[in-house]
file target-v3.pdb (PDB, C-alpha atoms)
ATOM      1  CA  MET O 193     -61.786  64.882  42.003
ATOM      2  CA  LYS O 194     -58.861  65.936  39.805
ATOM      3  CA  THR O 195     -56.682  66.887  42.761
ATOM      4  CA  THR O 196     -57.273  63.466  44.386
ATOM      5  CA  LEU O 197     -56.253  61.765  41.148
ATOM      6  CA  ILE O 198     -53.109  63.883  40.854
ATOM      7  CA  LYS O 199     -52.245  63.158  44.475
ATOM      8  CA  THR O 200     -52.679  59.410  43.950
ATOM      9  CA  ILE O 201     -50.530  59.468  40.798
ATOM     10  CA  SER O 202     -47.790  61.444  42.501
ATOM     11  CA  LYS O 203     -47.836  58.991  45.466
ATOM     12  CA  ILE O 204     -47.507  56.030  43.094
ATOM     13  CA  ALA O 205     -44.694  57.812  41.238
ATOM     14  CA  LEU O 206     -42.902  58.489  44.510
ATOM     15  CA  VAL O 207     -42.884  54.780  45.284
ATOM     16  CA  LEU O 208     -42.324  53.471  41.751
ATOM     17  CA  ILE O 209     -39.484  55.730  40.564
ATOM     18  CA  PRO O 210     -37.010  54.892  43.378
ATOM     19  CA  THR O 211     -37.995  51.199  43.196
ATOM     20  CA  ILE O 212     -37.338  50.983  39.444
ATOM     21  CA  THR O 213     -34.110  52.986  39.743
ATOM     22  CA  LEU O 214     -32.808  50.779  42.550
ATOM     23  CA  SER O 215     -33.739  47.538  40.805
ATOM     24  CA  MET O 216     -31.965  48.694  37.621
ATOM     25  CA  ALA O 217     -28.834  49.523  39.587
ATOM     26  CA  ALA O 218     -28.923  46.048  41.108
ATOM     27  CA  THR O 219     -29.181  44.462  37.661
ATOM     28  CA  ALA O 220     -26.257  46.528  36.360
ATOM     29  CA  HIS O 221     -24.028  45.079  39.040
ATOM     30  CA  ASP O 222     -25.142  41.499  38.897
ATOM     31  CA  PRO O 223     -22.061  39.379  39.757
ATOM     32  CA  SER O 224     -22.530  37.352  36.554
ATOM     33  CA  MET O 225     -21.599  40.500  34.594
ATOM     34  CA  HIS O 226     -18.135  40.427  36.110
ATOM     35  CA  VAL O 227     -17.407  36.859  35.079
ATOM     36  CA  LYS O 228     -15.094  36.597  32.061
ATOM     37  CA  LYS O 229     -16.592  34.186  29.582
ATOM     38  CA  VAL O 230     -14.146  32.152  27.549
ATOM     39  CA  LYS O 231     -15.179  32.566  23.928
ATOM     40  CA  LYS O 232     -13.913  30.938  20.747
ATOM     41  CA  ALA O 233     -12.781  33.136  17.880
ATOM     42  CA  ASP O 234     -15.684  34.212  15.672
ATOM     43  CA  CYS O 235     -14.072  33.744  12.263
ATOM     44  CA  SER O 236     -17.327  34.010  10.302
ATOM     45  CA  LYS O 237     -17.084  37.821  10.107
ATOM     46  CA  MET O 238     -13.671  37.813   8.395
ATOM     47  CA  ASP O 239     -13.933  39.594   5.036
ATOM     48  CA  HIS O 240     -10.952  38.234   3.071
ATOM     49  CA  SER O 241     -11.398  40.709   0.195
ATOM     50  CA  LYS O 242     -10.711  43.692   2.479
ATOM     51  CA  MET O 243      -7.741  42.070   4.212
ATOM     52  CA  ASP O 244      -4.109  43.060   3.694
ATOM     53  CA  MET O 245      -2.327  39.717   3.672
ATOM     54  CA  ASN O 246       0.990  41.301   4.707
ATOM     55  CA  ASP O 247      -0.439  42.919   7.825
ATOM     56  CA  PRO O 248       0.601  41.115  11.050
ATOM     57  CA  VAL O 249      -2.992  41.510  12.374
ATOM     58  CA  THR O 250      -4.397  39.681   9.329
ATOM     59  CA  ILE O 251      -1.747  36.946   9.540
ATOM     60  CA  ALA O 252      -2.421  36.490  13.258
ATOM     61  CA  MET O 253      -6.181  36.265  12.673
ATOM     62  CA  MET O 254      -5.717  33.717   9.862
ATOM     63  CA  LYS O 255      -3.453  31.639  12.084
ATOM     64  CA  LYS O 256      -5.960  31.689  14.942
ATOM     65  CA  CYS O 257      -8.885  30.735  12.697
ATOM     66  CA  MET O 258      -6.951  27.985  10.903
ATOM     67  CA  LYS O 259      -5.876  26.491  14.231
ATOM     68  CA  GLN O 260      -9.450  26.609  15.487
ATOM     69  CA  ALA O 261     -10.799  24.973  12.321
ATOM     70  CA  LYS O 262      -8.128  22.250  12.519
ATOM     71  CA  LYS O 263      -9.018  21.580  16.150
ATOM     72  CA  ALA O 264     -12.716  21.377  15.300
ATOM     73  CA  ASN O 265     -11.934  18.874  12.511
ATOM     74  CA  MET O 266      -9.848  16.761  14.881
ATOM     75  CA  GLU O 267     -12.724  16.634  17.339
ATOM     76  CA  MET O 268     -15.109  15.533  14.559
ATOM     77  CA  ASP O 269     -12.809  12.766  13.241
ATOM     78  CA  HIS O 270     -15.355  10.251  11.971
ATOM     79  CA  SER O 271     -12.815   7.558  11.174
ATOM     80  CA  LYS O 272     -11.788   7.543  14.838
ATOM     81  CA  MET O 273     -15.418   7.691  15.932
ATOM     82  CA  ALA O 274     -16.219   4.603  13.874
ATOM     83  CA  LYS O 275     -13.342   2.714  15.506
ATOM     84  CA  LYS O 276     -14.603   3.588  18.951
ATOM     85  CA  MET O 277     -18.089   2.395  18.117
ATOM     86  CA  ASP O 278     -17.198  -1.303  17.826
ATOM     87  CA  HIS O 279     -20.484  -2.844  16.781
ATOM     88  CA  SER O 280     -19.302  -6.433  17.112
ATOM     89  CA  LYS O 281     -18.710  -5.866  20.830
ATOM     90  CA  MET O 282     -21.977  -3.984  21.175
ATOM     91  CA  ASP O 283     -23.938  -6.934  19.785
ATOM     92  CA  LYS O 284     -22.449  -9.238  22.360
ATOM     93  CA  LYS O 285     -23.494  -7.010  25.207
ATOM     94  CA  MET O 286     -26.965  -6.487  23.839
ATOM     95  CA  GLU O 287     -27.948 -10.169  23.982
ATOM     96  CA  HIS O 288     -31.713 -10.144  24.009
ATOM     97  CA  SER O 289     -32.161 -13.642  25.384
ATOM     98  CA  LYS O 290     -30.207 -12.639  28.503
ATOM     99  CA  MET O 291     -32.102  -9.355  28.743
ATOM    100  CA  GLN O 292     -35.403 -11.221  28.964
ATOM    101  CA  LYS O 293     -33.998 -13.387  31.745
ATOM    102  CA  VAL O 294     -32.990 -10.278  33.661
ATOM    103  CA  ASP O 295     -36.510  -8.895  33.181
ATOM    104  CA  LYS O 296     -37.968 -12.089  34.659
ATOM    105  CA  ILE O 297     -35.605 -11.952  37.642
ATOM    106  CA  ILE O 298     -36.598  -8.309  38.338
ATOM    107  CA  LYS O 299     -40.296  -9.249  38.081
ATOM    108  CA  LYS O 300     -39.853 -12.187  40.449
ATOM    109  CA  LYS O 301     -37.944  -9.970  42.902
ATOM    110  CA  ASP O 302     -40.741  -7.376  42.809
ATOM    111  CA  GLU O 303     -43.368 -10.045  43.484
ATOM    112  CA  HIS O 304     -41.277 -11.387  46.352
ATOM    113  CA  ASP O 305     -40.890  -7.886  47.829
ATOM    114  CA  ASN O 306     -44.637  -7.288  47.647
ATOM    115  CA  HIS O 307     -45.280 -10.419  49.788
TER
ATOM    116  CA  MET B  97      20.929  79.129  61.289
ATOM    117  CA  LYS B  98      18.216  79.529  63.908
ATOM    118  CA  LEU B  99      15.718  80.458  61.186
ATOM    119  CA  LEU B 100      16.639  77.348  59.173
ATOM    120  CA  LEU B 101      16.139  75.103  62.219
ATOM    121  CA  LEU B 102      12.823  76.787  62.899
ATOM    122  CA  LEU B 103      11.682  76.230  59.317
ATOM    123  CA  ILE B 104      12.747  72.550  59.371
ATOM    124  CA  SER B 105      10.929  72.006  62.684
ATOM    125  CA  LEU B 106       7.855  73.746  61.318
ATOM    126  CA  GLY B 107       7.973  71.576  58.188
ATOM    127  CA  ILE B 108       8.303  68.329  60.188
ATOM    128  CA  GLY B 109       5.574  69.485  62.593
ATOM    129  CA  THR B 110       3.177  70.277  59.756
ATOM    130  CA  THR B 111       3.852  66.904  58.079
ATOM    131  CA  ILE B 112       3.180  65.024  61.330
ATOM    132  CA  ALA B 113       0.034  67.073  61.966
ATOM    133  CA  VAL B 114      -1.279  66.342  58.449
ATOM    134  CA  MET B 115      -0.420  62.624  58.747
ATOM    135  CA  TYR B 116      -2.051  61.999  62.095
ATOM    136  CA  SER B 117      -4.999  64.415  61.988
ATOM    137  CA  GLY B 118      -6.674  62.412  59.173
ATOM    138  CA  ILE B 119      -7.629  65.565  57.278
ATOM    139  CA  VAL B 120      -6.337  64.213  53.962
ATOM    140  CA  ASN B 121      -9.193  62.612  52.032
ATOM    141  CA  VAL B 122      -7.934  59.409  50.378
ATOM    142  CA  ALA B 123     -11.279  58.496  48.768
ATOM    143  CA  ALA B 124     -10.918  57.568  45.085
ATOM    144  CA  ASP B 125     -14.197  59.297  44.221
ATOM    145  CA  GLU B 126     -12.798  62.680  45.321
ATOM    146  CA  PRO B 127     -10.266  63.985  42.751
ATOM    147  CA  HIS B 128      -6.997  65.705  43.663
ATOM    148  CA  SER B 129      -6.715  69.460  43.289
ATOM    149  CA  ASP B 130      -5.215  70.503  39.929
ATOM    150  CA  PHE B 131      -1.913  71.339  41.610
ATOM    151  CA  VAL B 132      -1.589  67.958  43.421
ATOM    152  CA  TYR B 133      -2.611  66.110  40.245
ATOM    153  CA  TRP B 134       0.013  67.956  38.203
ATOM    154  CA  LEU B 135       2.665  67.317  40.885
ATOM    155  CA  LEU B 136       1.958  63.576  40.996
ATOM    156  CA  GLU B 137       1.644  63.194  37.217
ATOM    157  CA  GLU B 138       4.898  65.014  36.486
ATOM    158  CA  THR B 139       6.715  62.942  39.126
ATOM    159  CA  ARG B 140       5.309  59.706  37.668
ATOM    160  CA  GLU B 141       6.016  60.545  34.018
ATOM    161  CA  ASN B 142       9.586  61.716  34.644
ATOM    162  CA  SER B 143      10.300  58.673  36.798
ATOM    163  CA  ILE B 144       9.081  56.285  34.061
ATOM    164  CA  LYS B 145      10.948  58.180  31.339
ATOM    165  CA  LYS B 146      14.214  57.963  33.279
ATOM    166  CA  ALA B 147      13.796  54.301  34.236
ATOM    167  CA  ALA B 148      12.823  53.176  30.720
ATOM    168  CA  LYS B 149      15.291  55.206  28.624
ATOM    169  CA  ASN B 150      17.830  52.387  28.097
ATOM    170  CA  ILE B 151      15.392  49.592  27.332
ATOM    171  CA  GLU B 152      16.030  47.960  23.948
ATOM    172  CA  VAL B 153      12.868  47.506  21.942
ATOM    173  CA  PRO B 154      12.723  44.189  20.008
ATOM    174  CA  ASN B 155      10.846  43.540  16.756
ATOM    175  CA  LEU B 156       7.146  44.004  17.548
ATOM    176  CA  LYS B 157       5.735  42.954  14.179
ATOM    177  CA  ASN B 158       5.547  39.210  14.747
ATOM    178  CA  PRO B 159       1.937  37.950  14.361
ATOM    179  CA  GLU B 160       2.532  35.390  17.158
ATOM    180  CA  GLN B 161       3.083  38.303  19.562
ATOM    181  CA  LEU B 162      -0.380  39.630  18.718
ATOM    182  CA  LEU B 163      -1.943  36.273  19.594
ATOM    183  CA  THR B 164      -0.109  35.828  22.902
ATOM    184  CA  GLY B 165      -0.406  39.507  23.799
ATOM    185  CA  GLY B 166      -4.053  39.617  22.771
ATOM    186  CA  THR B 167      -5.154  36.812  25.062
ATOM    187  CA  ASP B 168      -3.158  38.280  27.954
ATOM    188  CA  TYR B 169      -4.565  41.757  27.322
ATOM    189  CA  GLU B 170      -8.144  40.469  27.367
ATOM    190  CA  PHE B 171      -7.694  38.693  30.692
ATOM    191  CA  MET B 172      -5.298  41.087  32.452
ATOM    192  CA  CYS B 173      -5.851  44.587  31.063
ATOM    193  CA  ALA B 174      -9.183  45.039  29.220
ATOM    194  CA  SER B 175     -11.306  45.433  32.354
ATOM    195  CA  CYS B 176      -9.469  48.717  33.137
ATOM    196  CA  HIS B 177      -7.962  49.809  29.801
ATOM    197  CA  LEU B 178     -11.008  48.813  27.710
ATOM    198  CA  ALA B 179     -11.544  47.036  24.382
ATOM    199  CA  PRO B 180     -12.530  48.401  20.933
ATOM    200  CA  GLY B 181     -16.145  49.557  20.948
ATOM    201  CA  GLN B 182     -16.157  50.030  24.722
ATOM    202  CA  THR B 183     -16.123  53.505  26.295
ATOM    203  CA  GLU B 184     -16.178  52.661  30.000
ATOM    204  CA  SER B 185     -16.191  49.852  32.565
ATOM    205  CA  ASP B 186     -16.714  49.560  36.320
ATOM    206  CA  MET B 187     -12.943  49.680  36.768
ATOM    207  CA  SER B 188     -12.286  52.567  34.374
ATOM    208  CA  LEU B 189     -14.931  54.618  36.169
ATOM    209  CA  GLY B 190     -13.996  53.600  39.702
ATOM    210  CA  LEU B 191     -10.206  53.792  39.669
ATOM    211  CA  TYR B 192      -8.406  57.033  40.470
ATOM    212  CA  PRO B 193      -6.308  58.131  38.686
ATOM    213  CA  ALA B 194      -8.447  56.809  35.820
ATOM    214  CA  PRO B 195      -6.585  54.132  33.800
ATOM    215  CA  PRO B 196      -5.802  55.324  30.245
ATOM    216  CA  ASN B 197      -8.089  54.115  27.490
ATOM    217  CA  LEU B 198      -5.635  52.098  25.373
ATOM    218  CA  THR B 199      -8.048  51.732  22.474
ATOM    219  CA  ILE B 200      -7.267  55.367  21.677
ATOM    220  CA  ALA B 201      -3.878  56.157  20.069
ATOM    221  CA  ALA B 202      -1.295  57.694  22.462
ATOM    222  CA  GLN B 203      -1.174  60.858  20.321
ATOM    223  CA  SER B 204      -4.907  61.422  20.900
ATOM    224  CA  HIS B 205      -4.648  61.251  24.711
ATOM    225  CA  GLU B 206      -5.082  64.471  26.617
ATOM    226  CA  GLY B 207      -2.469  65.568  29.136
ATOM    227  CA  HIS B 208       1.193  64.518  29.214
ATOM    228  CA  GLU B 209       3.544  63.907  26.268
ATOM    229  CA  HIS B 210       4.074  60.320  25.059
ATOM    230  CA  GLY B 211       7.224  60.841  22.995
ATOM    231  CA  ASP B 212       7.928  58.955  19.769
ATOM    232  CA  GLU B 213       6.926  55.353  18.997
ATOM    233  CA  THR B 214      10.058  53.805  20.532
ATOM    234  CA  GLN B 215       9.692  55.835  23.708
ATOM    235  CA  SER B 216       6.059  54.815  23.935
ATOM    236  CA  ASP B 217       6.999  51.102  23.548
ATOM    237  CA  ARG B 218       9.712  51.413  26.214
ATOM    238  CA  LYS B 219       7.308  53.144  28.573
ATOM    239  CA  ASN B 220       4.569  50.550  28.051
ATOM    240  CA  PHE B 221       7.040  47.714  28.661
ATOM    241  CA  TRP B 222       8.355  49.298  31.858
ATOM    242  CA  VAL B 223       4.881  50.072  33.236
ATOM    243  CA  ILE B 224       3.570  46.559  32.510
ATOM    244  CA  LYS B 225       6.648  44.945  34.046
ATOM    245  CA  HIS B 226       7.040  47.119  37.147
ATOM    246  CA  GLY B 227       3.546  48.556  37.723
ATOM    247  CA  ILE B 228       2.872  51.951  39.330
ATOM    248  CA  LYS B 229       2.604  52.477  43.066
ATOM    249  CA  ALA B 230      -0.801  53.444  44.517
ATOM    250  CA  SER B 231      -2.481  53.537  41.117
ATOM    251  CA  GLY B 232      -4.004  50.072  40.757
ATOM    252  CA  MET B 233      -1.456  49.116  38.050
ATOM    253  CA  PRO B 234       0.141  45.773  39.052
ATOM    254  CA  ALA B 235       3.744  44.696  38.373
ATOM    255  CA  TRP B 236       3.126  41.863  35.877
ATOM    256  CA  GLY B 237       6.870  41.210  35.715
ATOM    257  CA  LYS B 238       6.591  39.184  38.916
ATOM    258  CA  THR B 239       4.596  36.503  37.109
ATOM    259  CA  HIS B 240       5.313  37.056  33.396
ATOM    260  CA  ASP B 241       8.635  36.906  31.538
ATOM    261  CA  ASP B 242       9.929  39.719  29.286
ATOM    262  CA  GLU B 243       8.935  37.936  26.080
ATOM    263  CA  ARG B 244       5.308  37.770  27.186
ATOM    264  CA  ILE B 245       5.334  41.419  28.273
ATOM    265  CA  TRP B 246       6.775  42.483  24.886
ATOM    266  CA  ALA B 247       3.942  40.551  23.242
ATOM    267  CA  MET B 248       1.493  42.672  25.254
ATOM    268  CA  VAL B 249       3.349  45.823  24.142
ATOM    269  CA  ALA B 250       3.065  44.653  20.505
ATOM    270  CA  PHE B 251      -0.669  44.083  20.947
ATOM    271  CA  ILE B 252      -1.228  47.464  22.668
ATOM    272  CA  LYS B 253       0.634  49.127  19.784
ATOM    273  CA  ARG B 254      -1.959  47.797  17.313
ATOM    274  CA  LEU B 255      -4.972  48.054  19.632
ATOM    275  CA  PRO B 256      -6.180  51.532  18.521
ATOM    276  CA  THR B 257      -6.386  50.281  14.903
ATOM    277  CA  LEU B 258      -8.425  47.152  15.695
ATOM    278  CA  THR B 259     -12.149  46.759  15.047
ATOM    279  CA  PRO B 260     -14.278  44.930  17.676
ATOM    280  CA  GLU B 261     -14.394  41.902  15.318
ATOM    281  CA  GLN B 262     -10.597  41.772  14.884
ATOM    282  CA  TYR B 263     -10.169  42.186  18.635
ATOM    283  CA  GLN B 264     -12.549  39.277  19.285
ATOM    284  CA  VAL B 265     -10.597  36.912  17.029
ATOM    285  CA  LEU B 266      -7.164  37.944  18.325
ATOM    286  CA  THR B 267      -8.082  37.710  22.003
ATOM    287  CA  ALA B 268     -10.226  34.549  21.932
ATOM    288  CA  VAL B 269      -8.897  31.496  23.749
ATOM    289  CA  GLU B 270      -7.784  28.680  21.432
TER
END
call {"tool": "encode", "arguments": {"input": "target-v3.pdb", "output": "structure tokens"}}
result
Amino acid sequence: MKTTLIKTISKIALVLIPTITLSMAATAHDPSMHVKKVKKADCSKMDHSKMDMNDPVTIAMMKKCMKQAKKANMEMDHSKMAKKMDHSKMDKKMEHSKMQKVDKIIKKKDEHDNH
Amino acid sequence: MKLLLLLISLGIGTTIAVMYSGIVNVAADEPHSDFVYWLLEETRENSIKKAAKNIEVPNLKNPEQLLTGGTDYEFMCASCHLAPGQTESDMSLGLYPAPPNLTIAAQSHEGHEHGDETQSDRKNFWVIKHGIKASGMPAWGKTHDDERIWAMVAFIKRLPTLTPEQYQVLTAVE
């Protein structure tokens, strides 16, 4: 009984071990791992207290982070956003009386198509 | 005279036999013998030293150089020469001769001498600009001007002192 069990286990191991090993090797060389991802600077980990402000590395990092922050602010410029969202024009387009008419036309067209 | 002719003929004959028999294994996963490795390394190092000896090294302490050089390093060099916190890559393992790990200071490298700081900067500039035959190192000078290559040299100079976090910020695309 024991020998049969050992034989079965060893057979399963013989199949499973190479399968797992091969599948892991395939994962390790997935083409997506070779793609360079463009990442933004992670400035959150900068500890200013430990930084030497005369070191070119520190100055370069500060420059990069300041530029990035400036760019992010430019993209989130609410004053410009408000200008783009011209509500007076939006109201004109969203004329509900006309919208109802369009609804009726679509309904009529559907009824006509069904005939 | 006859002996000299015989030796020359023998030398040429042996070279032709080696070339055309295909007995030389060119596979990158089979290393050279110690003697061949030494021969090639000495030839390479002396060639670079001679070619780079008159190069004038500019100021390499400009923070802008670290930003330009950092981005270029990440996209052109890091896959072979690694980044802080990394010990190997597909390229660093697969290439032969293995590309040097530039996150380690030149003084800590095993093998050949690197000379003083200026010599090291000259050498790095020359190698980046002209590349090295049959090694996998491209000649970046064909597509990048000297200023940009010096920026890479400036970045490589500071690379062994960088933490993974500093490296991430310096090399990130704006």
call {"tool": "closest_residue", "arguments": {"input": "target-v3.pdb", "among": "B:Ala174, B:Leu258, B:Ile151, B:Val269", "to": "Lys232 in chain O", "atoms": "all atoms listed in the file"}}
result
B:Val269
call {"tool": "interface_residues", "arguments": {"input": "target-v3.pdb", "of": "chain B", "to": "chain O", "cutoff": "7 Å", "atoms": "only C-alpha atoms", "output": "number ranges by chain"}}
result
B: 157-160, 162-163, 264-266, 268-270
call {"tool": "resolve_selection", "arguments": {"input": "target-v3.pdb", "expression": "the PyMOL selection byres ((chain B and resi 169) around 10)", "output": "ChimeraX atom specification"}}
result
/B:162-168,170-175,177-179,245,247-249,251-252,255,267
call {"tool": "atom_distance", "arguments": {"input": "target-v3.pdb", "atom1": "CA of Pro154 in chain B", "atom2": "CA of Trp246 in chain B"}}
result
7.9 Å
call {"tool": "atom_distance", "arguments": {"input": "target-v3.pdb", "atom1": "CA of Gly190 in chain B", "atom2": "CA of Ser129 in chain B"}}
result
17.8 Å
call {"tool": "atom_distance", "arguments": {"input": "target-v3.pdb", "atom1": "CA of Pro193 in chain B", "atom2": "CA of Tyr116 in chain B"}}
result
24.1 Å
call {"tool": "resolve_selection", "arguments": {"input": "target-v3.pdb", "expression": "the PyMOL selection byres ((chain B and resi 214) around 12)", "output": "compact mmCIF listing (two decimals) with C-alpha atoms, keeping the file's coordinate frame"}}
result
# COMPACT_ATOMS: atom_id res chain seq x y z
CA LYS B 145 10.95 58.18 31.34
CA ALA B 148 12.82 53.18 30.72
CA LYS B 149 15.29 55.21 28.62
CA ASN B 150 17.83 52.39 28.10
CA ILE B 151 15.39 49.59 27.33
CA GLU B 152 16.03 47.96 23.95
CA VAL B 153 12.87 47.51 21.94
CA PRO B 154 12.72 44.19 20.01
CA ASN B 155 10.85 43.54 16.76
CA LEU B 156 7.15 44.00 17.55
CA HIS B 210 4.07 60.32 25.06
CA GLY B 211 7.22 60.84 23.00
CA ASP B 212 7.93 58.96 19.77
CA GLU B 213 6.93 55.35 19.00
CA GLN B 215 9.69 55.84 23.71
CA SER B 216 6.06 54.82 23.94
CA ASP B 217 7.00 51.10 23.55
CA ARG B 218 9.71 51.41 26.21
CA LYS B 219 7.31 53.14 28.57
CA ASN B 220 4.57 50.55 28.05
CA PHE B 221 7.04 47.71 28.66
CA VAL B 249 3.35 45.82 24.14
CA ALA B 250 3.06 44.65 20.50
CA LYS B 253 0.63 49.13 19.78
call {"tool": "residues_around", "arguments": {"input": "target-v3.pdb", "residues": "Tyr192 in chain B", "least_positions_apart": "6", "cutoff": "10 Å", "atoms": "all atoms listed in the file", "output": "ChimeraX atom specification"}}
result
/B:123-128,230-232
call {"tool": "axis_aligned_box", "arguments": {"input": "target-v3.pdb", "around": "range 110-128 of chain B", "padding_each_side": "3 Å", "output": "lines of an AutoDock Vina configuration file"}}
result
center_x = -5.2
center_y = 63.9
center_z = 52.4
size_x = 24.0
size_y = 18.7
size_z = 25.3
